Amino acid sequence: MRYLKFLSEKKGWGWEFEVHPEFSRDLMQGAMAVKVAPSLSPNILPQLQVLPTLVRTLECTDSFFAENGTWYPRLLLHEALRLVFVEESNDLDIRAPAFVIGDNEEARTASSALAEMGIADIYMVGSGRKMQRQKDILSRSQLGIRFHVLPAEELTLQAVSAGIVVNTVDLSSQKSLLTDLSYFNFMSPAGYALDLNILPEHNLLLEEAVKADLRVLHPILVASVYTKLWLDRLEVGSELSHEEITESWREFLKQNST
């Protein structure tokens, strides 16, 4: 939201923003759109009667837009990830497994997007009971895909050659996980690495990925596509090219990376 406020001021759109700690349908009155933290999905979705298929099957939402006089939840992150995978890693070996780090809604969304790319083996790396729930939700919506729950401490023991690893965890406070990931001994030499954490701008995991000769997908790629999807929904997407959005993200990060 900070970025959208920055962009609105830059373009002179005059948008107004409100931040609320809890979701309420009353907040939508008079709004153009609503951005919600995916982590709030378990509290939000039971309040709704109509759910689009993707939101219902993944039990996750990140946005609301008014359509034909009704507010519908959407999961734009899924579409953004799919577009980035298609456009930026079109030579991804879908026969190789994928690793997704995290037990959150973003990890579940990334796993689903990778499954739709045709990757049949997806290792979900994390700890705790939430990981089994992640697997159960994904297995119901992605038939024929093998989802594996992998404890984080067993990451470096895997004798596989993954084609892509996607991190959704804030590694700034998880040094041991960052260290284990940085070995990349579970990755194919031609594999891809994506970290969804847009801040801090100085991304230690992706720096290690470059040293390991992996191909890096910077989170700004996902952020730019996600922004374009939002702007299209608000019918101002034609005012900015993808390149202009990407450059505005770079400018925003330079001002907010400290």
# chains A, B, ... in the order shown; residues from 1 in each chain; ligands from 1
call {"tool": "select_by_dssp", "arguments": {"residues": "stretch 33-176 of chain A", "states": "strand (DSSP E)", "output": "PyMOL selection string"}}
result
chain A and resi 33-35+63-67+70-74+98-101+121-125+146-150+162-167
call {"tool": "residues_around", "arguments": {"residues": "A:Leu194", "least_positions_apart": "3", "cutoff": "8 Å", "atoms": "only C-alpha atoms", "output": "PyMOL selection string"}}
result
chain A and resi 164-167+206+216-219
call {"tool": "write_last_selection", "arguments": {"atoms": "N, CA and C atoms", "output": "mmCIF file, in the first residue's frame"}}
result
data_model
loop_
_atom_site.group_PDB
_atom_site.id
_atom_site.type_symbol
_atom_site.label_atom_id
_atom_site.label_comp_id
_atom_site.auth_asym_id
_atom_site.auth_seq_id
_atom_site.Cartn_x
_atom_site.Cartn_y
_atom_site.Cartn_z
ATOM 1 N N ILE A 164 13.674 -25.061 -9.458
ATOM 2 C CA ILE A 164 13.372 -23.723 -8.943
ATOM 3 C C ILE A 164 13.144 -23.803 -7.443
ATOM 4 N N VAL A 165 13.561 -22.756 -6.747
ATOM 5 C CA VAL A 165 13.253 -22.598 -5.327
ATOM 6 C C VAL A 165 12.604 -21.230 -5.145
ATOM 7 N N VAL A 166 11.509 -21.205 -4.401
ATOM 8 C CA VAL A 166 10.792 -19.958 -4.117
ATOM 9 C C VAL A 166 10.748 -19.773 -2.609
ATOM 10 N N ASN A 167 11.284 -18.663 -2.134
ATOM 11 C CA ASN A 167 11.260 -18.379 -0.699
ATOM 12 C C ASN A 167 10.177 -17.347 -0.389
ATOM 13 N N LEU A 206 19.411 -14.059 -2.645
ATOM 14 C CA LEU A 206 19.619 -13.981 -4.088
ATOM 15 C C LEU A 206 21.083 -13.706 -4.429
ATOM 16 N N VAL A 216 18.522 -15.832 -11.213
ATOM 17 C CA VAL A 216 17.744 -15.146 -10.187
ATOM 18 C C VAL A 216 16.507 -14.484 -10.778
ATOM 19 N N LEU A 217 15.385 -14.684 -10.107
ATOM 20 C CA LEU A 217 14.147 -13.960 -10.397
ATOM 21 C C LEU A 217 13.937 -12.986 -9.247
ATOM 22 N N HIS A 218 14.182 -11.710 -9.497
ATOM 23 C CA HIS A 218 14.108 -10.722 -8.436
ATOM 24 C C HIS A 218 12.647 -10.458 -8.075
ATOM 25 N N PRO A 219 12.369 -10.221 -6.783
ATOM 26 C CA PRO A 219 10.973 -9.973 -6.390
ATOM 27 C C PRO A 219 10.356 -8.759 -7.066
#
call {"tool": "residues_around", "arguments": {"residues": "stretch 124-127 of chain A", "least_positions_apart": "6", "cutoff": "7 Å", "atoms": "only C-alpha atoms", "output": "PDB file with all heavy atoms, in the first residue's frame"}}
result
ATOM      1  N   PHE A  99      11.081 -26.393  -4.936  1.00  0.00           N
ATOM      2  CA  PHE A  99      11.082 -26.210  -3.492  1.00  0.00           C
ATOM      3  C   PHE A  99      10.412 -24.877  -3.176  1.00  0.00           C
ATOM      4  O   PHE A  99      10.738 -23.854  -3.799  1.00  0.00           O
ATOM      5  CB  PHE A  99      12.509 -26.204  -2.935  1.00  0.00           C
ATOM      6  CG  PHE A  99      13.103 -27.575  -2.759  1.00  0.00           C
ATOM      7  CD1 PHE A  99      13.468 -28.342  -3.854  1.00  0.00           C
ATOM      8  CD2 PHE A  99      13.299 -28.098  -1.488  1.00  0.00           C
ATOM      9  CE1 PHE A  99      14.010 -29.601  -3.706  1.00  0.00           C
ATOM     10  CE2 PHE A  99      13.844 -29.367  -1.326  1.00  0.00           C
ATOM     11  CZ  PHE A  99      14.197 -30.122  -2.434  1.00  0.00           C
ATOM     12  N   VAL A 100       9.477 -24.882  -2.225  1.00  0.00           N
ATOM     13  CA  VAL A 100       8.827 -23.658  -1.780  1.00  0.00           C
ATOM     14  C   VAL A 100       9.032 -23.556  -0.279  1.00  0.00           C
ATOM     15  O   VAL A 100       8.662 -24.470   0.472  1.00  0.00           O
ATOM     16  CB  VAL A 100       7.327 -23.650  -2.127  1.00  0.00           C
ATOM     17  CG1 VAL A 100       6.673 -22.373  -1.611  1.00  0.00           C
ATOM     18  CG2 VAL A 100       7.129 -23.781  -3.632  1.00  0.00           C
ATOM     19  N   ILE A 101       9.608 -22.447   0.158  1.00  0.00           N
ATOM     20  CA  ILE A 101       9.964 -22.275   1.559  1.00  0.00           C
ATOM     21  C   ILE A 101       8.897 -21.452   2.269  1.00  0.00           C
ATOM     22  O   ILE A 101       8.608 -20.314   1.868  1.00  0.00           O
ATOM     23  CB  ILE A 101      11.332 -21.560   1.706  1.00  0.00           C
ATOM     24  CG1 ILE A 101      12.357 -22.134   0.713  1.00  0.00           C
ATOM     25  CG2 ILE A 101      11.824 -21.659   3.139  1.00  0.00           C
ATOM     26  CD1 ILE A 101      12.609 -23.613   0.843  1.00  0.00           C
ATOM     27  N   GLY A 102       8.288 -22.020   3.317  1.00  0.00           N
ATOM     28  CA  GLY A 102       7.315 -21.285   4.102  1.00  0.00           C
ATOM     29  C   GLY A 102       6.034 -22.061   4.360  1.00  0.00           C
ATOM     30  O   GLY A 102       5.694 -22.984   3.603  1.00  0.00           O
ATOM     31  N   ASP A 103       5.325 -21.666   5.421  1.00  0.00           N
ATOM     32  CA  ASP A 103       4.054 -22.316   5.777  1.00  0.00           C
ATOM     33  C   ASP A 103       2.900 -21.326   5.707  1.00  0.00           C
ATOM     34  O   ASP A 103       1.863 -21.512   6.348  1.00  0.00           O
ATOM     35  CB  ASP A 103       4.142 -22.933   7.178  1.00  0.00           C
ATOM     36  CG  ASP A 103       4.375 -21.885   8.269  1.00  0.00           C
ATOM     37  OD1 ASP A 103       4.465 -20.677   7.936  1.00  0.00           O
ATOM     38  OD2 ASP A 103       4.477 -22.263   9.451  1.00  0.00           O
ATOM     39  N   HIS A 148       5.189 -32.680  -1.148  1.00  0.00           N
ATOM     40  CA  HIS A 148       5.966 -33.293  -0.077  1.00  0.00           C
ATOM     41  C   HIS A 148       6.210 -32.276   1.028  1.00  0.00           C
ATOM     42  O   HIS A 148       6.650 -31.154   0.760  1.00  0.00           O
ATOM     43  CB  HIS A 148       7.327 -33.779  -0.602  1.00  0.00           C
ATOM     44  CG  HIS A 148       7.238 -34.597  -1.857  1.00  0.00           C
ATOM     45  ND1 HIS A 148       7.066 -35.964  -1.859  1.00  0.00           N
ATOM     46  CD2 HIS A 148       7.293 -34.224  -3.172  1.00  0.00           C
ATOM     47  CE1 HIS A 148       7.029 -36.406  -3.115  1.00  0.00           C
ATOM     48  NE2 HIS A 148       7.159 -35.368  -3.922  1.00  0.00           N
ATOM     49  N   VAL A 149       5.938 -32.656   2.269  1.00  0.00           N
ATOM     50  CA  VAL A 149       6.250 -31.805   3.414  1.00  0.00           C
ATOM     51  C   VAL A 149       7.657 -32.142   3.882  1.00  0.00           C
ATOM     52  O   VAL A 149       7.968 -33.298   4.193  1.00  0.00           O
ATOM     53  CB  VAL A 149       5.239 -32.018   4.550  1.00  0.00           C
ATOM     54  CG1 VAL A 149       5.677 -31.264   5.799  1.00  0.00           C
ATOM     55  CG2 VAL A 149       3.853 -31.556   4.110  1.00  0.00           C
ATOM     56  N   LEU A 150       8.507 -31.132   3.938  1.00  0.00           N
ATOM     57  CA  LEU A 150       9.914 -31.349   4.278  1.00  0.00           C
ATOM     58  C   LEU A 150      10.301 -30.441   5.450  1.00  0.00           C
ATOM     59  O   LEU A 150      10.237 -29.211   5.328  1.00  0.00           O
ATOM     60  CB  LEU A 150      10.805 -31.036   3.068  1.00  0.00           C
ATOM     61  CG  LEU A 150      12.307 -31.248   3.254  1.00  0.00           C
ATOM     62  CD1 LEU A 150      12.612 -32.729   3.450  1.00  0.00           C
ATOM     63  CD2 LEU A 150      13.075 -30.700   2.054  1.00  0.00           C
ATOM     64  N   PRO A 151      10.697 -31.013   6.583  1.00  0.00           N
ATOM     65  CA  PRO A 151      11.178 -30.182   7.689  1.00  0.00           C
ATOM     66  C   PRO A 151      12.382 -29.349   7.258  1.00  0.00           C
ATOM     67  O   PRO A 151      13.245 -29.835   6.516  1.00  0.00           O
ATOM     68  CB  PRO A 151      11.565 -31.207   8.765  1.00  0.00           C
ATOM     69  CG  PRO A 151      10.768 -32.432   8.420  1.00  0.00           C
ATOM     70  CD  PRO A 151      10.678 -32.444   6.925  1.00  0.00           C
ATOM     71  N   ALA A 152      12.445 -28.120   7.707  1.00  0.00           N
ATOM     72  CA  ALA A 152      13.509 -27.211   7.282  1.00  0.00           C
ATOM     73  C   ALA A 152      14.889 -27.770   7.599  1.00  0.00           C
ATOM     74  O   ALA A 152      15.839 -27.573   6.822  1.00  0.00           O
ATOM     75  CB  ALA A 152      13.319 -25.849   7.948  1.00  0.00           C
TER      76      ALA A 152
END
call {"tool": "closest_residue", "arguments": {"among": "A:Phe184, A:Val222, A:Ile145, A:Pro46", "to": "A:Val86", "atoms": "only C-alpha atoms"}}
result
A:Val222
call {"tool": "atom_distance", "arguments": {"atom1": "atom CA of A:Met117", "atom2": "atom CA of A:Ala80"}}
result
13.1 Å
call {"tool": "residues_around", "arguments": {"residues": "A:Lys35", "least_positions_apart": "4", "cutoff": "9 Å", "atoms": "only C-alpha atoms", "output": "CSV table (one decimal) with all heavy atoms, in the first residue's frame"}}
result
chain,number,residue,atom,x,y,z
A,1,MET,N,0.8,-1.2,0.0
A,1,MET,CA,0.0,0.0,0.0
A,1,MET,C,0.9,1.2,0.0
A,1,MET,O,0.5,2.3,-0.6
A,1,MET,CB,-0.9,0.0,1.2
A,1,MET,CG,-2.1,-1.0,1.1
A,1,MET,SD,-3.4,-0.5,0.0
A,1,MET,CE,-2.9,-1.0,-1.6
A,62,ASP,N,-6.1,-11.8,-1.6
A,62,ASP,CA,-5.2,-10.7,-1.3
A,62,ASP,C,-5.9,-9.3,-1.7
A,62,ASP,O,-5.3,-8.3,-1.4
A,62,ASP,CB,-3.8,-10.8,-1.9
A,62,ASP,CG,-3.9,-11.0,-3.4
A,62,ASP,OD1,-4.9,-10.6,-4.0
A,62,ASP,OD2,-2.9,-11.5,-4.0
A,63,SER,N,-7.0,-9.4,-2.3
A,63,SER,CA,-7.6,-8.2,-2.9
A,63,SER,C,-9.1,-8.3,-3.0
A,63,SER,O,-9.7,-9.4,-3.1
A,63,SER,CB,-7.1,-7.8,-4.3
A,63,SER,OG,-5.7,-7.9,-4.3
A,64,PHE,N,-9.8,-7.1,-3.0
A,64,PHE,CA,-11.2,-7.1,-3.3
A,64,PHE,C,-11.4,-6.0,-4.3
A,64,PHE,O,-10.9,-4.9,-4.2
A,64,PHE,CB,-12.0,-6.7,-2.0
A,64,PHE,CG,-12.3,-7.9,-1.1
A,64,PHE,CD1,-11.4,-8.2,-0.2
A,64,PHE,CD2,-13.5,-8.6,-1.2
A,64,PHE,CE1,-11.6,-9.3,0.7
A,64,PHE,CE2,-13.7,-9.7,-0.3
A,64,PHE,CZ,-12.8,-10.0,0.6
call {"tool": "residues_around", "arguments": {"residues": "stretch 225-227 of chain A", "least_positions_apart": "4", "cutoff": "9 Å", "atoms": "only C-alpha atoms", "output": "list in words"}}
result
Leu4, Leu76, Leu77, Glu79, Ala80, Leu81, Leu83, Val84, Ile220, Leu221, Leu231, Asp232, Gly237, His242, Ile245 and Thr246 of chain A
call {"tool": "residues_around", "arguments": {"residues": "A:Glu247", "least_positions_apart": "3", "cutoff": "12 Å", "atoms": "only C-alpha atoms", "output": "number ranges by chain"}}
result
A: 7, 220-221, 223-224, 240-244, 250-254
call {"tool": "closest_residue", "arguments": {"among": "A:Ala159, A:Lys228, A:Glu207, A:Thr70", "to": "A:Ser248", "atoms": "only C-alpha atoms"}}
result
A:Lys228
call {"tool": "atom_distance", "arguments": {"atom1": "atom CA of A:Ala98", "atom2": "atom CA of A:Arg74"}}
result
25.0 Å
call {"tool": "residues_around", "arguments": {"residues": "A:Asp136", "least_positions_apart": "5", "cutoff": "12 Å", "atoms": "only C-alpha atoms", "output": "count of residues only"}}
result
16
call {"tool": "closest_residue", "arguments": {"among": "A:Leu138, A:Val160, A:Leu196, A:Leu205", "to": "A:Ser172", "atoms": "only C-alpha atoms"}}
result
A:Leu205
call {"tool": "atom_distance", "arguments": {"atom1": "atom CA of A:Ser89", "atom2": "atom CA of A:Leu177"}}
result
25.1 Å
call {"tool": "closest_residue", "arguments": {"among": "A:Ala209, A:Leu51, A:Leu199, A:Leu92", "to": "A:Ala162", "atoms": "only C-alpha atoms"}}
result
A:Leu92
call {"tool": "select_by_dssp", "arguments": {"residues": "stretch 107-222 of chain A", "states": "alpha helix (DSSP H)", "output": "ChimeraX atom specification"}}
result
/A:107-116,130-141,175-183,204-211,219-222
call {"tool": "closest_residue", "arguments": {"among": "A:Leu214, A:Leu171, A:Ala113, A:Leu75", "to": "A:Gly191", "atoms": "only C-alpha atoms"}}
result
A:Leu214
call {"tool": "closest_residue", "arguments": {"among": "A:Glu235, A:Asp213, A:Glu18, A:Asp180", "to": "A:Tyr192", "atoms": "only C-alpha atoms"}}
result
A:Asp213
